[in-house]
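Reviewing the structure listed below.
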Amino acid sequence: MIIIGERINGMFQDIAKAIRERDGSIVQEWAKKQEQNGARYLDINVGPGSAAPIEAMVWLVEETQKASDLPLCLDSTNYDAIEAGLKVCKRPAMINSVPAEAEKMDRVFTLAAEYDSEVICLAMSAEGIPKDSESRVALAMELVATGDGYGVPIENLYIDPLVLPCNVAQDHGPEVLETLRQVKLISDPPPKTVVGLSNASQGTRDRELVNRVFAVMAMACGLDAAIADACDDELMSAVATARILLNIDIYCDSYVDVFKQA
Amino acid sequence: MGLTGLEIFKHLPKTNCKECGFPTCLAFAMALASGKTSLDLCPYVTEEGKAALESASAPPIKLVKVGTGDHVLELGDETELFRHDKRFFHPTGVAVLISDTGDAAAEAAAFNELEFDRVGLHYVTDVVAVKCDSGDGAKFKAAVEAVAGKTEKAMILLCEDPALMEGAAAAVASRKPLLYAATADNYEKMVEIAKANECPLAVRGADLEKTAELVDKIVALDYKELVLDSGARETSQVLADLTQFRRGAIKKFRAFGYPSITFTTGEDPLDEIVQAGVFLSKYASIVVLKTAKQEHLLPLLSWRQNLYTDPQKPIAVEPGLYEVGEVNADSPVYCTTNFSLTYFIVEGEVENSRVPSYILSVDTGGISVLTAYADNKFSGEIIAKAMKEAGLEEKVNHKSIVLPGHVAVLQGALEEESGGWKVMVGPREAAGIPKFAKENFA
Amino acid sequence: MALEIQRERYRSKVGQVVLGATKEEGGTRSHTVTVGGESTLPFLHFEGEMPHRPVIALEITDMVPEWNPCFGEYYDDVFEDTAAWAKKCVDEYGADLVQIRLQSADPDLQDRSPEECAATVKKVLETVGVPLIVIGCGKAEKDNLIYPVVAEAAAGENLLLGVAEVENYKAITSSCMANLHNVIALSPIDINICKQLNILIAEMSMVMNGRIIIDPCMSALGYGIEYTYSIMERARLGALQGDRMLSMPMIGNIGHEVWRTKEANTPVEDAPGWGERAERAVLWEATTAMAFLQAGLDILVMRHPRAAALVRKNIDELMQDNSY
């Protein structure tokens, strides 16, 4: 599993302030820090309160790219902002995200085909998030079949089964894990999978513990990527260890360091 | 491997009629992919769709048999690109070429002797390929019959003129030879001969793409006992084509879902063996050689044996007493396990020590010294028993034996169990044996 | 169904290592040899690059070796003169590289001093233009005294020096760091130790980046070759999938392993079912090399000139384009 570093997000006050004051140093600092700790992509989100989301997105992308060569994950429900961001990305990026709704899929998959982007596909429709895994998988399949139709390679699609906080929607947990398993049966090569890890722990007291445990459980179900806190050292160590136990990386005594540096 | 949801979905009616009990065809396809339901529940799937789904769930490479009885050669039915992922199942058939213009009977008799004993294993050259160089149907038939009379091993008949092939194939049909080859020019007639005699048929195209097309045409004639030849002969291109055959088959490109046959071109037999080794390493089901000399075949057959072992299973040598060099009653005795790698390393180092010695290979189920010790399969009692069974007492007059250094802890137990043999603790690593031998037995 | 050529998309490639240095680069080699850089599995030119062909080193020792008498035909006139021997390997048998084993330094043999070893290496450097591989006598304590002296004497020549092992890598790595040589990292048919050793060496200094060659520990045909073969395949796949700590080019001491086997040495009289010894032995070495080429070996250290010639021809053939 790879980590998409979640920290460059206007939801955090320091990033919101940086955007307002157009102070790139703080953005660059987080870009470097996350990369050094093992992030493989950097999520870019201008945050909920941004007055001019398109300009903010372009600025964030450009500032981040000054500090890091990692591919970016452009996180917005405003597809104009995403398109503006894609235009200034130096390398193929990831679009975060699209639900199984015809109009939105049309816009996003067209962009993805044009910009050779990967896409995070949400297992939800206009009716919301289904509970059982069968319905989540059926939506995933709809997303894959549609994306495939637009010429987006299936390996470029990341299905997000949508994790809900374990304190309010405990019964969703097993369904999400089952969805991760089933998604691999959709096609060959199968689509990839991704979760927003910190959603699992939203509102709980021991957030980091919940995140770590959920991460390794999801990995055992085949999870390929997580949007997460790359600066949580214990999370990164747990992920590195799970990769060894799942025979993804080849073991050596220094495997944790290797995972972070690679 | 089963089918994926998307593959299944393509063959469903996509009407979302819900009669199967699932809300959509997509959901039904996913349920099928995970084995939770049965295709029978769909009232509207076409026969064509059903057939396509059935064929898609067949194994990636068809199992094709050449020859009969004890000498049947099973080809294909492979699933892996790398032996470490699981294993390779059906060892490459090594064939020797005989021309119908020479003394076919004598060559076949010589071919039949191409069997080898090495490290307790028996290696066999499996296939004899009789080639029509004479252009004479009677001669070819006579040669094929002569060869069949001298060997019971599997045969390949090489002749691209159906008129000449017909008689020869019929003459040895009961032996189920591989007929080589159907080409774009002769395939209809060749398929008829293969069908009539129930023999597997090799298919040779002008290149990879033409081979796929030809296979499709032959399958359309309802014949599927096929072996592929892409027509390439240059080492590098053959390697690429064999790789495409294997990868295509695993990806369920059906035209490549058959075993393959390759031919060496090297003039020098040594070049031939190296070339054959490349094909054998990378997926060829049969390699046809021109050379039939023991010194040439032994290395190739050894490589085949090594490559096709099961990586999950430790490889054992036959337990028992082995002699290294000209041993006599004074020669030292080493003991080790019957894990092949351990045994051979010890054997190599004992040889390097230049002191003729015995090696007692104790049956540990093919596991290494430390693992066997931990598992109680290499104990004083077990070693003592193996010493008795090997009749060590009668072989040597010194009543002493060398124990691997890693299990020095067994020294006392073995001395007791063996009834007073002197147990010497050897080096921990085999590399220390020459020095150990120099100090103790020189 | 239309044919679709299957091409794997790998994330990464094998690292490149340059051996030797010309006058402009601070050495005295007539040319350098670069190995590695593959972006696909061996010889699959249809899907990736193999920018440098695998190279063949012939092995020599600094004292008359106890080799099979059949080598007399090739080397009788030079066995006692290491430099002349090296020259013959290059001039007559077309060696891309020469590997000198400093056997005479073995305390149980001639116990020659590090300075004498360095003098031998210097002399070979003066006599041939190809890059050199230098390996110790195999006794760690003595080798650790030899490395710094030889490395300094050959400073600037960009040698490939061996061998570093997990239990003993610091002395040789320091010698390489100080004098800018490359190092052979030997691990005993164990991919985990192989990776760890690369990390340990890399951690000693950034200088070692691009200066490590992996020796996965050869085994001969019929003697566990399949273990090494699979480890090499796994390591190479790891490299292509982005495991930087396994992405080094690989070297194998093929001749050394093969010529210890029964099959290479037993005359036909003692093994009547095995055929005549001379060609059997040559093929034992060539077939071992062929197999390891298919697993990704970059530097083949061989012994018999005829086996080397066979393998060179095989490499020639395999380097031909096979793209679709």
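If you're wondering about the labels, chains in the structure tokens are A, B, ... by order shown, residues count from 1 in each chain, ligands from 1 in order shown.
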Please identify every residue of chain C that has at least one atom no more than 12 Å from any atom of chain A, counting only C-alpha atoms, and report them as a PyMOL selection string.
-> chain C and resi 8-9+12+166+190-200+202-203+231+234-239+241-247
Check every residue of chain A for an atom within 8 Å of chain B, counting only C-alpha atoms, and provide those that qualify as a PyMOL selection string.
-> chain A and resi 134-135+137-138+141-142+145+182+185-188
Can I get the residues of chain C within 9 Å of chain B, each with the closest pair of atoms and their distance in Å to one decimal, using only C-alpha atoms, sorted chain first then ascending number, as CSV?
```
residue,atom,partner,partner_atom,distance
C:Met1,CA,B:Phe253,CA,7.6
C:Ala2,CA,B:Ala212,CA,8.4
C:Leu3,CA,B:Glu209,CA,6.3
C:Glu4,CA,B:Gly248,CA,8.0
C:Ile5,CA,B:Gln244,CA,6.8
C:Gln6,CA,B:Gln244,CA,6.4
C:Arg7,CA,B:Gln244,CA,8.8
C:Phe43,CA,B:Ser236,CA,7.2
C:Leu44,CA,B:Ala240,CA,6.2
C:His45,CA,B:Ala240,CA,8.2
C:Phe46,CA,B:Ala240,CA,7.4
C:Leu221,CA,B:Trp303,CA,6.4
C:Gly222,CA,B:Ser302,CA,5.9
C:Tyr223,CA,B:Phe344,CA,6.1
C:Gly224,CA,B:Leu341,CA,5.6
C:Ile225,CA,B:Asn306,CA,7.0
C:Glu226,CA,B:Asn306,CA,5.7
C:Tyr227,CA,B:Pro311,CA,8.0
C:Tyr229,CA,B:Leu307,CA,8.7
C:Ser230,CA,B:His84,CA,6.0
C:Ile231,CA,B:His84,CA,8.4
C:Glu233,CA,B:Phe82,CA,7.9
C:Arg234,CA,B:His84,CA,7.8
C:Arg260,CA,B:Gly348,CA,6.6
C:Thr261,CA,B:Gly348,CA,6.7
C:Lys262,CA,B:Gly348,CA,8.2
C:Glu263,CA,B:Pro299,CA,8.8
C:Gly273,CA,B:Phe116,CA,6.3
C:Trp274,CA,B:Gln294,CA,5.6
C:Gly275,CA,B:Glu295,CA,4.3
C:Glu276,CA,B:Glu295,CA,5.7
C:Arg277,CA,B:Glu295,CA,7.0
C:Ala278,CA,B:Glu295,CA,8.4
C:Glu279,CA,B:Glu295,CA,6.3
C:Arg280,CA,B:Glu295,CA,4.5
C:Ala281,CA,B:Glu295,CA,8.3
C:Val282,CA,B:Leu270,CA,8.5
C:Leu283,CA,B:Pro299,CA,6.5
C:Trp284,CA,B:Pro299,CA,5.7
C:Ala286,CA,B:Val274,CA,6.9
C:Thr287,CA,B:Val274,CA,5.9
C:Thr288,CA,B:Trp303,CA,8.1
C:Met290,CA,B:Val274,CA,6.5
C:Ala291,CA,B:Ser281,CA,7.0
C:Gln294,CA,B:Val278,CA,7.2
C:Leu310,CA,B:Asp271,CA,6.3
C:Val311,CA,B:Val274,CA,7.7
C:Lys313,CA,B:Asp271,CA,8.0
C:Asn314,CA,B:Gln275,CA,7.0
C:Glu317,CA,B:Thr235,CA,6.0
C:Leu318,CA,B:Ser236,CA,4.5
C:Met319,CA,B:Ser236,CA,7.0
C:Gln320,CA,B:Ser236,CA,6.1
C:Asp321,CA,B:Ser236,CA,7.2
C:Asn322,CA,B:Gln237,CA,5.0
C:Ser323,CA,B:Ala240,CA,8.0
```
Length of the atom CA of Ala196 of chain B to atom CA of Glu166 of chain B vector [Å] =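 Between atom CA of Ala196 of chain B and atom CA of Glu166 of chain B the gap is 9.6 Å.
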Name the residues in contact with segment 110-124 of chain A at a cut-off of 10 Å, using only C-alpha atoms, excluding same-chain residues fewer than 6 positions from it; report them as a ChimeraX atom specification.
-> /A:73-75,79,82-83,86-87,89,91-101,104,130-131,133,135-144,147-148,150-162,179,191-195
Counting only C-alpha atoms, what is within 7 Å of segment 112-120 of chain C, bar same-chain residues fewer than 3 positions away, as a ChimeraX atom specification?
-> /C:102,104-105,123-124,145-146,149-150,153
For segment 142-159 of chain B, list every protein, DNA or RNA residue within 8 Å, evaluated using only C-alpha atoms, and leave out those in the same chain fewer than 2 positions away; present the list as a PyMOL selection string.
-> chain B and resi 66-68+71-73+100+104-105+108-109+112+126-132+138-140+161-162+164-165+168-169+171-172+175-181
Output file for the selection above: N, CA, C and O atoms, as a CSV table (one decimal), in the first residue's frame:
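Output contents, as saved in selection-v2.csv:
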```csv
chain,number,residue,atom,x,y,z
B,66,VAL,N,1.4,-36.5,-26.2
B,66,VAL,CA,2.1,-37.1,-27.3
B,66,VAL,C,2.6,-38.5,-26.9
B,66,VAL,O,3.1,-38.6,-25.8
B,67,GLY,N,2.4,-39.5,-27.7
B,67,GLY,CA,2.8,-40.8,-27.3
B,67,GLY,C,1.8,-41.6,-26.5
B,67,GLY,O,0.7,-41.0,-26.2
B,68,THR,N,2.2,-42.8,-26.1
B,68,THR,CA,1.2,-43.6,-25.4
B,68,THR,C,1.9,-44.4,-24.3
B,68,THR,O,3.1,-44.4,-24.2
B,71,HIS,N,5.3,-44.1,-21.9
B,71,HIS,CA,6.1,-43.0,-22.5
B,71,HIS,C,5.3,-41.8,-23.0
B,71,HIS,O,5.8,-41.1,-23.8
B,72,VAL,N,4.1,-41.7,-22.5
B,72,VAL,CA,3.3,-40.6,-22.9
B,72,VAL,C,4.0,-39.3,-22.4
B,72,VAL,O,4.5,-39.2,-21.3
B,73,LEU,N,4.1,-38.3,-23.3
B,73,LEU,CA,4.7,-37.0,-23.0
B,73,LEU,C,3.6,-36.0,-22.8
B,73,LEU,O,2.8,-35.7,-23.7
B,100,ASP,N,15.0,-39.4,-42.6
B,100,ASP,CA,14.6,-40.7,-43.3
B,100,ASP,C,15.6,-41.0,-44.4
B,100,ASP,O,15.4,-42.0,-45.1
B,104,ALA,N,17.7,-45.0,-40.1
B,104,ALA,CA,16.7,-44.6,-39.1
B,104,ALA,C,16.7,-45.6,-37.9
B,104,ALA,O,16.6,-45.2,-36.8
B,105,ALA,N,16.7,-46.9,-38.3
B,105,ALA,CA,16.6,-47.9,-37.2
B,105,ALA,C,17.8,-47.8,-36.3
B,105,ALA,O,17.6,-47.9,-35.0
B,108,ALA,N,17.6,-44.7,-34.2
B,108,ALA,CA,16.5,-44.8,-33.1
B,108,ALA,C,17.0,-45.7,-32.0
B,108,ALA,O,16.7,-45.4,-30.8
B,109,ALA,N,17.7,-46.8,-32.3
B,109,ALA,CA,18.2,-47.7,-31.3
B,109,ALA,C,19.2,-46.9,-30.4
B,109,ALA,O,19.1,-47.0,-29.1
B,112,ASN,N,17.3,-44.5,-28.2
B,112,ASN,CA,16.6,-45.2,-27.0
B,112,ASN,C,17.6,-45.3,-25.8
B,112,ASN,O,17.1,-45.5,-24.7
B,126,ASP,N,13.1,-37.7,-24.3
B,126,ASP,CA,11.7,-38.2,-24.4
B,126,ASP,C,11.2,-38.5,-25.7
B,126,ASP,O,10.2,-39.3,-25.9
B,127,VAL,N,11.6,-37.8,-26.7
B,127,VAL,CA,10.9,-37.8,-28.0
B,127,VAL,C,11.9,-38.0,-29.1
B,127,VAL,O,13.0,-37.5,-29.1
B,128,VAL,N,11.5,-38.7,-30.2
B,128,VAL,CA,12.3,-38.9,-31.3
B,128,VAL,C,11.5,-38.2,-32.5
B,128,VAL,O,10.3,-38.5,-32.7
B,129,ALA,N,12.2,-37.4,-33.2
B,129,ALA,CA,11.5,-36.6,-34.3
B,129,ALA,C,12.0,-37.2,-35.7
B,129,ALA,O,13.2,-37.1,-35.9
B,130,VAL,N,11.2,-37.8,-36.4
B,130,VAL,CA,11.6,-38.3,-37.7
B,130,VAL,C,11.2,-37.4,-38.8
B,130,VAL,O,10.1,-37.0,-39.0
B,131,LYS,N,12.2,-37.0,-39.6
B,131,LYS,CA,12.0,-36.0,-40.6
B,131,LYS,C,12.0,-36.5,-42.0
B,131,LYS,O,12.9,-37.3,-42.4
B,132,CYS,N,11.1,-36.1,-42.8
B,132,CYS,CA,11.0,-36.5,-44.2
B,132,CYS,C,12.0,-35.6,-45.0
B,132,CYS,O,11.6,-34.5,-45.4
B,138,ALA,N,7.0,-43.4,-49.4
B,138,ALA,CA,7.3,-44.8,-49.0
B,138,ALA,C,8.5,-44.8,-48.1
B,138,ALA,O,8.5,-45.5,-47.0
B,139,LYS,N,9.5,-44.1,-48.4
B,139,LYS,CA,10.8,-44.0,-47.6
B,139,LYS,C,10.5,-43.5,-46.2
B,139,LYS,O,11.0,-44.0,-45.2
B,140,PHE,N,9.7,-42.4,-46.2
B,140,PHE,CA,9.4,-41.7,-45.0
B,140,PHE,C,8.6,-42.7,-44.1
B,140,PHE,O,8.9,-42.9,-42.9
B,161,ASP,N,4.2,-32.1,-46.4
B,161,ASP,CA,3.4,-32.5,-47.6
B,161,ASP,C,2.3,-33.5,-47.1
B,161,ASP,O,2.7,-34.6,-46.7
B,162,PRO,N,1.1,-33.1,-47.1
B,162,PRO,CA,0.0,-34.0,-46.5
B,162,PRO,C,0.0,-35.3,-47.2
B,162,PRO,O,-0.2,-36.4,-46.6
B,164,LEU,N,2.5,-37.0,-48.3
B,164,LEU,CA,3.5,-37.9,-47.7
B,164,LEU,C,3.2,-38.2,-46.3
B,164,LEU,O,3.6,-39.3,-45.8
B,165,MET,N,2.7,-37.3,-45.6
B,165,MET,CA,2.4,-37.4,-44.1
B,165,MET,C,1.3,-38.5,-43.9
B,165,MET,O,1.4,-39.3,-43.0
B,168,ALA,N,2.4,-42.2,-43.5
B,168,ALA,CA,3.3,-42.4,-42.3
B,168,ALA,C,2.5,-42.2,-41.0
B,168,ALA,O,2.7,-43.0,-40.1
B,169,ALA,N,1.6,-41.2,-41.0
B,169,ALA,CA,0.8,-41.0,-39.8
B,169,ALA,C,-0.1,-42.2,-39.5
B,169,ALA,O,-0.2,-42.7,-38.4
B,171,ALA,N,0.4,-45.2,-40.4
B,171,ALA,CA,1.2,-46.4,-40.0
B,171,ALA,C,1.5,-46.5,-38.5
B,171,ALA,O,1.6,-47.5,-37.9
B,172,VAL,N,1.7,-45.3,-37.9
B,172,VAL,CA,2.0,-45.3,-36.4
B,172,VAL,C,1.0,-44.5,-35.6
B,172,VAL,O,1.2,-44.0,-34.5
B,175,ARG,N,0.5,-44.9,-32.0
B,175,ARG,CA,1.5,-44.4,-31.1
B,175,ARG,C,1.3,-42.9,-30.8
B,175,ARG,O,2.1,-42.3,-30.1
B,176,LYS,N,0.2,-42.3,-31.3
B,176,LYS,CA,-0.1,-40.9,-31.1
B,176,LYS,C,1.1,-40.0,-31.3
B,176,LYS,O,1.5,-39.2,-30.4
B,177,PRO,N,1.7,-40.0,-32.5
B,177,PRO,CA,2.8,-39.1,-32.7
B,177,PRO,C,2.3,-37.6,-32.9
B,177,PRO,O,1.1,-37.4,-33.2
B,178,LEU,N,3.2,-36.7,-32.7
B,178,LEU,CA,2.8,-35.3,-33.0
B,178,LEU,C,3.1,-35.1,-34.4
B,178,LEU,O,4.2,-35.4,-34.9
B,179,LEU,N,2.2,-34.6,-35.2
B,179,LEU,CA,2.3,-34.3,-36.6
B,179,LEU,C,2.8,-32.9,-36.8
B,179,LEU,O,2.2,-32.0,-36.3
B,180,TYR,N,3.9,-32.7,-37.5
B,180,TYR,CA,4.5,-31.4,-37.7
B,180,TYR,C,4.6,-31.2,-39.2
B,180,TYR,O,5.3,-31.9,-39.9
B,181,ALA,N,4.0,-30.2,-39.8
B,181,ALA,CA,3.2,-29.2,-39.2
B,181,ALA,C,2.1,-28.7,-40.1
B,181,ALA,O,2.3,-28.8,-41.3
```
Determine which residues of segment 78-264 of chain C receive a DSSP assignment of alpha helix (DSSP H), computed from the backbone, and state them as a PyMOL selection string.
-> chain C and resi 82-91+114-127+140-153+170-179+191-204+225-240+254-258+262-264
Would you list, as a JSON list (two decimals) with N, CA and C atoms, in the first residue's frame, the residues of segment 102-237 of chain B that end up in strand (DSSP E or B) under DSSP run on this structure's backbone?
```
[["chain", "number", "residue", "atom", "x", "y", "z"],
["B", 115, "GLU", "N", 19.67, -42.29, -21.93],
["B", 115, "GLU", "CA", 19.13, -42.11, -20.59],
["B", 115, "GLU", "C", 20.32, -42.01, -19.64],
["B", 116, "PHE", "N", 20.12, -41.28, -18.57],
["B", 116, "PHE", "CA", 21.26, -40.95, -17.71],
["B", 116, "PHE", "C", 20.93, -41.16, -16.24],
["B", 117, "ASP", "N", 21.91, -41.61, -15.49],
["B", 117, "ASP", "CA", 21.77, -41.65, -14.05],
["B", 117, "ASP", "C", 22.73, -40.66, -13.43],
["B", 118, "ARG", "N", 22.17, -39.81, -12.62],
["B", 118, "ARG", "CA", 22.97, -38.75, -12.01],
["B", 118, "ARG", "C", 22.35, -38.43, -10.67],
["B", 121, "LEU", "N", 19.08, -39.72, -9.68],
["B", 121, "LEU", "CA", 17.91, -39.45, -10.52],
["B", 121, "LEU", "C", 18.15, -40.05, -11.90],
["B", 122, "HIS", "N", 17.05, -40.31, -12.60],
["B", 122, "HIS", "CA", 17.14, -40.88, -13.93],
["B", 122, "HIS", "C", 16.62, -39.87, -14.94],
["B", 123, "TYR", "N", 17.46, -39.46, -15.89],
["B", 123, "TYR", "CA", 17.05, -38.48, -16.90],
["B", 123, "TYR", "C", 16.82, -39.20, -18.21],
["B", 124, "VAL", "N", 15.76, -38.77, -18.90],
["B", 124, "VAL", "CA", 15.38, -39.45, -20.14],
["B", 124, "VAL", "C", 15.23, -38.44, -21.27],
["B", 127, "VAL", "N", 11.63, -37.78, -26.72],
["B", 127, "VAL", "CA", 10.93, -37.77, -28.01],
["B", 127, "VAL", "C", 11.91, -38.00, -29.15],
["B", 128, "VAL", "N", 11.46, -38.74, -30.15],
["B", 128, "VAL", "CA", 12.28, -38.87, -31.35],
["B", 128, "VAL", "C", 11.51, -38.23, -32.50],
["B", 129, "ALA", "N", 12.19, -37.37, -33.24],
["B", 129, "ALA", "CA", 11.54, -36.64, -34.33],
["B", 129, "ALA", "C", 12.05, -37.20, -35.66],
["B", 130, "VAL", "N", 11.17, -37.78, -36.45],
["B", 130, "VAL", "CA", 11.58, -38.35, -37.73],
["B", 130, "VAL", "C", 11.21, -37.37, -38.83],
["B", 131, "LYS", "N", 12.23, -37.00, -39.62],
["B", 131, "LYS", "CA", 12.01, -35.96, -40.61],
["B", 131, "LYS", "C", 12.03, -36.52, -42.02],
["B", 154, "ALA", "N", 7.84, -41.36, -27.27],
["B", 154, "ALA", "CA", 6.96, -40.54, -28.09],
["B", 154, "ALA", "C", 7.67, -40.13, -29.39],
["B", 155, "MET", "N", 6.87, -39.88, -30.42],
["B", 155, "MET", "CA", 7.43, -39.54, -31.73],
["B", 155, "MET", "C", 6.85, -38.24, -32.27],
["B", 156, "ILE", "N", 7.65, -37.59, -33.11],
["B", 156, "ILE", "CA", 7.16, -36.45, -33.90],
["B", 156, "ILE", "C", 7.42, -36.81, -35.36],
["B", 157, "LEU", "N", 6.45, -36.60, -36.22],
["B", 157, "LEU", "CA", 6.67, -36.81, -37.65],
["B", 157, "LEU", "C", 6.77, -35.44, -38.31],
["B", 158, "LEU", "N", 7.89, -35.17, -38.96],
["B", 158, "LEU", "CA", 8.12, -33.87, -39.57],
["B", 158, "LEU", "C", 7.98, -33.98, -41.08],
["B", 178, "LEU", "N", 3.16, -36.68, -32.67],
["B", 178, "LEU", "CA", 2.84, -35.28, -32.97],
["B", 178, "LEU", "C", 3.13, -35.06, -34.45],
["B", 179, "LEU", "N", 2.15, -34.57, -35.20],
["B", 179, "LEU", "CA", 2.34, -34.33, -36.62],
["B", 179, "LEU", "C", 2.80, -32.88, -36.82],
["B", 180, "TYR", "N", 3.91, -32.73, -37.51],
["B", 180, "TYR", "CA", 4.47, -31.39, -37.73],
["B", 180, "TYR", "C", 4.61, -31.16, -39.23],
["B", 181, "ALA", "N", 3.99, -30.21, -39.82],
["B", 181, "ALA", "CA", 3.19, -29.17, -39.17],
["B", 181, "ALA", "C", 2.11, -28.70, -40.14],
["B", 182, "ALA", "N", 1.04, -28.20, -39.54],
["B", 182, "ALA", "CA", 0.04, -27.50, -40.33],
["B", 182, "ALA", "C", 0.55, -26.09, -40.60],
["B", 201, "LEU", "N", -1.43, -32.10, -33.37],
["B", 201, "LEU", "CA", -0.95, -31.44, -34.58],
["B", 201, "LEU", "C", -0.19, -30.16, -34.24],
["B", 202, "ALA", "N", 0.99, -30.03, -34.80],
["B", 202, "ALA", "CA", 1.74, -28.78, -34.62],
["B", 202, "ALA", "C", 1.28, -27.77, -35.67],
["B", 203, "VAL", "N", 1.27, -26.49, -35.26],
["B", 203, "VAL", "CA", 0.80, -25.42, -36.13],
["B", 203, "VAL", "C", 1.92, -24.41, -36.30],
["B", 204, "ARG", "N", 2.37, -24.20, -37.53],
["B", 204, "ARG", "CA", 3.45, -23.22, -37.71],
["B", 204, "ARG", "C", 2.98, -22.05, -38.55],
["B", 226, "LEU", "N", -3.43, -29.13, -30.24],
["B", 226, "LEU", "CA", -2.46, -28.36, -31.02],
["B", 226, "LEU", "C", -1.18, -28.05, -30.24],
["B", 227, "VAL", "N", -0.11, -27.85, -31.00],
["B", 227, "VAL", "CA", 1.18, -27.42, -30.45],
["B", 227, "VAL", "C", 1.66, -26.28, -31.34],
["B", 228, "LEU", "N", 2.15, -25.18, -30.73],
["B", 228, "LEU", "CA", 2.44, -23.96, -31.48],
["B", 228, "LEU", "C", 3.91, -23.81, -31.88],
["B", 229, "ASP", "N", 4.10, -23.28, -33.08],
["B", 229, "ASP", "CA", 5.44, -22.87, -33.54],
["B", 229, "ASP", "C", 5.25, -21.55, -34.26]]
```
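Going from atom CA of Met387 of chain B over to atom CA of Ala442 of chain B, you cover 23.8 Å.
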Contact residues around Val130 of chain C with only C-alpha atoms at 9 Å, ignoring same-chain residues under 6 positions, as a list in words =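 The neighbour list is Gly20, Arg29, Ser30, His31, Thr32, Val33, Val90, Ala95, Asp96, Leu97 and Val98 of chain C.
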Based on the selection just made, write N, CA and C atoms of those residues as a tab-separated table (two decimals), in the first residue's frame.
```
chain	number	residue	atom	x	y	z
C	20	GLY	N	36.24	0.51	-14.31
C	20	GLY	CA	37.45	0.99	-14.97
C	20	GLY	C	37.40	2.49	-15.18
C	29	ARG	N	42.94	2.69	-17.91
C	29	ARG	CA	42.28	1.68	-18.76
C	29	ARG	C	42.12	2.21	-20.19
C	30	SER	N	42.16	1.29	-21.14
C	30	SER	CA	41.97	1.70	-22.53
C	30	SER	C	40.51	2.08	-22.78
C	31	HIS	N	39.61	1.49	-21.98
C	31	HIS	CA	38.19	1.82	-22.10
C	31	HIS	C	37.50	1.41	-20.79
C	32	THR	N	36.26	1.84	-20.62
C	32	THR	CA	35.51	1.43	-19.44
C	32	THR	C	34.45	0.41	-19.89
C	33	VAL	N	33.89	-0.28	-18.91
C	33	VAL	CA	32.80	-1.23	-19.19
C	33	VAL	C	31.64	-0.84	-18.29
C	90	VAL	N	42.72	-11.62	-22.56
C	90	VAL	CA	42.15	-10.51	-23.32
C	90	VAL	C	42.44	-10.66	-24.81
C	95	ALA	N	38.36	-11.72	-23.50
C	95	ALA	CA	37.71	-11.38	-22.23
C	95	ALA	C	37.37	-9.88	-22.18
C	96	ASP	N	36.14	-9.57	-21.75
C	96	ASP	CA	35.75	-8.17	-21.56
C	96	ASP	C	36.40	-7.59	-20.31
C	97	LEU	N	36.61	-8.47	-19.34
C	97	LEU	CA	37.21	-8.09	-18.06
C	97	LEU	C	38.09	-9.24	-17.62
C	98	VAL	N	39.00	-8.96	-16.69
C	98	VAL	CA	39.78	-10.05	-16.10
C	98	VAL	C	39.56	-10.00	-14.59
```
Exercise: segment 421-423 of chain B partners within 8 Å, only C-alpha atoms, chain neighbours under 3 positions left out, as JSON, numbers by chain = {"B": [399, 400, 401, 402, 403, 411, 414, 415, 416, 418]}
Between atom CA of Ala170 of chain B and atom CA of Glu198 of chain B lies a distance of 9.8 Å
